[in-house]
$ cat upload16.cif   # mmCIF, C-alpha atoms
data_my_file
#
loop_
_atom_site.group_PDB
_atom_site.id
_atom_site.type_symbol
_atom_site.label_atom_id
_atom_site.label_comp_id
_atom_site.auth_asym_id
_atom_site.auth_seq_id
_atom_site.Cartn_x
_atom_site.Cartn_y
_atom_site.Cartn_z
ATOM 1 C CA MET Q 123 8.214 -22.126 29.595
ATOM 2 C CA GLU Q 124 9.382 -20.632 32.862
ATOM 3 C CA GLU Q 125 9.677 -17.140 31.346
ATOM 4 C CA LEU Q 126 6.348 -17.428 29.552
ATOM 5 C CA LYS Q 127 4.573 -18.106 32.832
ATOM 6 C CA ASP Q 128 4.796 -14.410 33.799
ATOM 7 C CA VAL Q 129 4.035 -12.887 30.367
ATOM 8 C CA LYS Q 130 0.799 -10.909 30.113
ATOM 9 C CA GLU Q 131 -1.279 -10.665 26.953
ATOM 10 C CA ALA Q 132 -0.116 -7.086 26.319
ATOM 11 C CA GLU Q 133 3.500 -8.342 26.336
ATOM 12 C CA LEU Q 134 2.897 -11.302 24.040
ATOM 13 C CA GLU Q 135 3.939 -9.622 20.764
ATOM 14 C CA ALA Q 136 7.226 -8.327 22.191
ATOM 15 C CA PHE Q 137 7.940 -11.694 23.835
ATOM 16 C CA SER Q 138 7.178 -13.467 20.563
ATOM 17 C CA ARG Q 139 9.574 -11.250 18.558
ATOM 18 C CA THR Q 140 12.339 -11.986 21.058
ATOM 19 C CA HIS Q 141 11.802 -15.699 21.643
ATOM 20 C CA ALA Q 142 9.765 -17.290 18.845
ATOM 21 C CA ARG Q 143 11.476 -19.232 16.125
ATOM 22 C CA PRO Q 144 10.015 -21.485 13.462
ATOM 23 C CA LEU Q 145 10.053 -25.226 13.945
ATOM 24 C CA PRO Q 146 12.863 -26.886 11.997
ATOM 25 C CA SER Q 147 11.904 -29.105 9.102
ATOM 26 C CA LEU Q 148 12.417 -32.805 9.634
ATOM 27 C CA GLY Q 149 15.481 -32.709 7.333
ATOM 28 C CA GLU Q 150 16.961 -29.829 9.333
ATOM 29 C CA TYR Q 151 16.306 -31.678 12.579
ATOM 30 C CA TRP Q 152 18.006 -34.850 11.320
ATOM 31 C CA GLY Q 153 20.900 -32.649 10.166
ATOM 32 C CA GLU Q 154 21.298 -31.115 13.653
ATOM 33 C CA ILE Q 155 21.323 -34.546 15.284
ATOM 34 C CA ILE Q 156 23.684 -36.063 12.706
ATOM 35 C CA ALA Q 157 26.119 -33.140 13.001
ATOM 36 C CA ALA Q 158 26.762 -34.181 16.604
ATOM 37 C CA GLN Q 159 27.463 -37.797 15.581
ATOM 38 C CA PRO Q 160 30.734 -39.497 14.746
ATOM 39 C CA LEU Q 161 28.872 -41.636 12.167
ATOM 40 C CA SER Q 162 28.536 -40.715 8.500
ATOM 41 C CA ARG Q 163 25.095 -40.587 6.907
ATOM 42 C CA ARG Q 164 26.023 -43.706 4.929
ATOM 43 C CA GLU Q 165 26.872 -45.591 8.141
ATOM 44 C CA ILE Q 166 23.673 -44.384 9.839
ATOM 45 C CA ILE Q 167 21.597 -45.580 6.882
ATOM 46 C CA ARG Q 168 23.409 -48.926 6.828
ATOM 47 C CA ARG Q 169 22.936 -49.479 10.575
ATOM 48 C CA ALA Q 170 19.252 -48.538 10.319
ATOM 49 C CA ASP Q 171 19.001 -51.105 7.486
ATOM 50 C CA PHE Q 172 17.635 -48.896 4.722
ATOM 51 C CA PRO Q 173 18.445 -48.918 1.029
ATOM 52 C CA GLU Q 174 21.029 -46.178 0.584
ATOM 53 C CA LYS Q 175 19.082 -43.944 -1.809
ATOM 54 C CA TYR Q 176 15.863 -44.159 0.225
ATOM 55 C CA GLY Q 177 17.725 -43.571 3.499
ATOM 56 C CA TYR Q 178 19.374 -40.418 2.149
ATOM 57 C CA LYS Q 179 15.989 -39.105 1.003
ATOM 58 C CA LEU Q 180 14.469 -39.734 4.431
ATOM 59 C CA LEU Q 181 17.334 -38.043 6.286
ATOM 60 C CA SER Q 182 17.319 -35.033 3.971
ATOM 61 C CA GLY Q 183 13.565 -34.624 4.374
ATOM 62 C CA GLU Q 184 13.091 -35.037 0.616
ATOM 63 C CA ASN Q 185 10.914 -38.106 1.274
ATOM 64 C CA ARG Q 186 8.561 -38.595 4.178
ATOM 65 C CA THR Q 187 7.372 -41.881 5.518
ATOM 66 C CA SER Q 188 4.144 -42.908 7.175
ATOM 67 C CA GLU Q 189 5.998 -45.729 8.949
ATOM 68 C CA ARG Q 190 6.640 -44.731 12.555
ATOM 69 C CA ASP Q 191 9.077 -47.636 12.932
ATOM 70 C CA TYR Q 192 11.310 -46.171 10.188
ATOM 71 C CA VAL Q 193 11.705 -42.944 12.156
ATOM 72 C CA LEU Q 194 12.340 -44.970 15.317
ATOM 73 C CA ARG Q 195 15.058 -47.009 13.564
ATOM 74 C CA PHE Q 196 16.964 -43.805 12.777
ATOM 75 C CA CYS Q 197 16.413 -42.446 16.297
ATOM 76 C CA ILE Q 198 17.827 -45.631 17.815
ATOM 77 C CA VAL Q 199 20.879 -45.768 15.538
ATOM 78 C CA LEU Q 200 21.560 -42.090 16.237
ATOM 79 C CA GLY Q 201 21.442 -42.740 19.991
ATOM 80 C CA MET Q 202 18.815 -40.051 20.386
ATOM 81 C CA THR Q 203 17.383 -39.278 23.806
ATOM 82 C CA LEU Q 204 13.718 -39.873 24.516
ATOM 83 C CA LYS Q 205 13.061 -36.139 24.201
ATOM 84 C CA GLN Q 206 14.823 -35.995 20.816
ATOM 85 C CA THR Q 207 12.952 -39.099 19.649
ATOM 86 C CA GLN Q 208 9.613 -37.619 20.639
ATOM 87 C CA ARG Q 209 10.554 -34.450 18.731
ATOM 88 C CA ALA Q 210 11.462 -36.434 15.587
ATOM 89 C CA LEU Q 211 8.108 -38.219 15.746
ATOM 90 C CA GLU Q 212 6.316 -34.892 16.233
ATOM 91 C CA LEU Q 213 8.094 -33.285 13.268
ATOM 92 C CA ASN Q 214 7.081 -36.293 11.181
ATOM 93 C CA GLU Q 215 3.462 -35.820 12.332
ATOM 94 C CA MET Q 216 3.452 -39.152 14.161
ATOM 95 C CA ARG Q 217 2.160 -40.032 17.581
ATOM 96 C CA PRO Q 218 4.776 -39.904 20.323
ATOM 97 C CA LEU Q 219 5.874 -42.941 22.275
ATOM 98 C CA TYR Q 220 3.192 -43.585 24.874
ATOM 99 C CA PRO Q 221 4.301 -45.062 28.212
ATOM 100 C CA ARG Q 222 1.072 -47.025 28.728
ATOM 101 C CA ASP Q 223 1.401 -48.900 25.434
ATOM 102 C CA ARG Q 224 3.369 -52.112 26.061
ATOM 103 C CA ARG Q 225 5.493 -51.902 22.896
ATOM 104 C CA ASP Q 226 6.138 -48.174 23.317
ATOM 105 C CA MET Q 227 7.032 -48.858 26.951
ATOM 106 C CA ALA Q 228 9.701 -51.342 25.824
ATOM 107 C CA LEU Q 229 10.989 -48.852 23.230
ATOM 108 C CA ILE Q 230 11.223 -46.121 25.878
ATOM 109 C CA VAL Q 231 13.235 -48.461 28.106
ATOM 110 C CA ALA Q 232 15.546 -49.293 25.177
ATOM 111 C CA ILE Q 233 16.081 -45.612 24.363
ATOM 112 C CA ASN Q 234 16.603 -44.645 28.001
ATOM 113 C CA SER Q 235 19.081 -47.525 28.340
ATOM 114 C CA GLY Q 236 21.164 -46.126 25.483
ATOM 115 C CA MET Q 237 20.593 -49.008 23.055
ATOM 116 C CA THR Q 238 21.839 -47.987 19.607
ATOM 117 C CA GLY Q 239 21.476 -51.244 17.708
ATOM 118 C CA VAL Q 240 18.232 -52.054 15.915
ATOM 119 C CA ASP Q 241 18.849 -55.797 16.396
ATOM 120 C CA GLU Q 242 19.430 -55.227 20.118
ATOM 121 C CA VAL Q 243 16.147 -53.294 20.398
ATOM 122 C CA ASN Q 244 14.300 -55.919 18.362
ATOM 123 C CA ALA Q 245 15.608 -58.625 20.699
ATOM 124 C CA LEU Q 246 14.271 -56.660 23.681
ATOM 125 C CA LEU Q 247 10.894 -56.276 21.965
ATOM 126 C CA THR Q 248 10.768 -59.996 21.171
ATOM 127 C CA ARG Q 249 11.669 -60.964 24.758
ATOM 128 C CA HIS Q 250 8.684 -58.942 25.933
ATOM 129 C CA GLY Q 251 6.236 -60.326 23.379
ATOM 130 C CA CYS Q 252 6.124 -57.201 21.200
ATOM 131 C CA PRO Q 253 6.454 -56.947 17.424
ATOM 132 C CA GLU Q 254 9.915 -56.001 16.170
ATOM 133 C CA LEU Q 255 10.579 -52.682 14.455
ATOM 134 C CA LYS Q 256 9.331 -52.927 10.903
ATOM 135 C CA ARG Q 257 12.040 -53.287 8.277
ATOM 136 C CA SER Q 258 12.124 -51.283 5.085
ATOM 137 C CA GLY Q 259 10.890 -53.136 2.011
ATOM 138 C CA ARG Q 260 14.328 -53.010 0.428
ATOM 139 C CA GLU Q 261 13.362 -53.206 -3.263
ATOM 140 C CA GLY Q 262 10.127 -51.200 -3.035
ATOM 141 C CA ASP Q 263 11.649 -48.268 -1.153
ATOM 142 C CA ALA Q 264 14.759 -47.718 -3.246
#
$ encode --input "upload16.cif" --output "structure tokens"
Amino acid sequence: MEELKDVKEAELEAFSRTHARPLPSLGEYWGEIIAAQPLSRREIIRRADFPEKYGYKLLSGENRTSERDYVLRFCIVLGMTLKQTQRALELNEMRPLYPRDRRDMALIVAINSGMTGVDEVNALLTRHGCPELKRSGREGDA
């Protein structure tokens, strides 16, 4: 952003060739995050409480979900930063966490506090009168 501030329209094409890169797919993004983790995909899926087959499909990008809470469950288990979490939501075409929404506010606090347990985050949500993160319908999603 800092470099782009001084780019003129006539320089845009050259700047683009040097700096532009395509957005990663959601599966590629999960792969980048997981590569930096000590946890196996199987352990991540277990901790996020997904059926194994469905969890693998979500992490590979083979399946997409319309459930924002499912993406958030993975983000929490992976110990993702707020910036990384917002990026995962964006790549999944979901609204970002919004600091003026009470539930999102609690989720932001949980993420910024380094909580990596879904049960721990759900307890925080419950203490503050917010709905827990939605669980996967185990039989229907497999």
$ closest_residue --input "upload16.cif" --among "Q:Leu148, Q:Ala132, Q:Met237, Q:Ala228" --to "Lys179 in chain Q" --atoms "all atoms listed in the file"
Q:Leu148
$ resolve_selection --input "upload16.cif" --expression "the PyMOL selection byres ((chain Q and resi 202) around 10)" --output "PyMOL selection string"
chain Q and resi 155-156+194+196-201+203-208+210+233-234+236-238
$ residues_near_point --input "upload16.cif" --point "(23.3, -38.6, 11.0)" --cutoff "7 Å" --atoms "all atoms listed in the file" --output "NGL selection string"
:Q and (152-153 or 155-157 or 159 or 161-163 or 166 or 200)
$ residues_around --input "upload16.cif" --residues "Ile167 in chain Q" --least-positions-apart "4" --cutoff "8 Å" --atoms "all atoms listed in the file" --output "list in words"
Arg163, Asp171, Phe172, Pro173, Glu174, Gly177, Tyr178 and Phe196 of chain Q
$ atom_distance --input "upload16.cif" --atom1 "CA of Leu211 in chain Q" --atom2 "CA of Glu189 in chain Q"
10.3 Å
$ residues_near_point --input "upload16.cif" --point "(19.7, -35.2, 5.5)" --cutoff "6 Å" --atoms "all atoms listed in the file" --output "ChimeraX atom specification"
/Q:149,153,181-182
$ resolve_selection --input "upload16.cif" --expression "the PyMOL selection byres ((chain Q and resi 214) around 9)" --output "list in words"
Ser147, Leu148, Arg186, Thr187, Ser188, Arg190, Val193, Arg209, Ala210, Leu211, Glu212, Leu213, Glu215, Met216 and Arg217 of chain Q
$ closest_residue --input "upload16.cif" --among "Q:Pro253, Q:Glu135, Q:Tyr151, Q:Glu165" --to "Gly183 in chain Q" --atoms "only C-alpha atoms"
Q:Tyr151
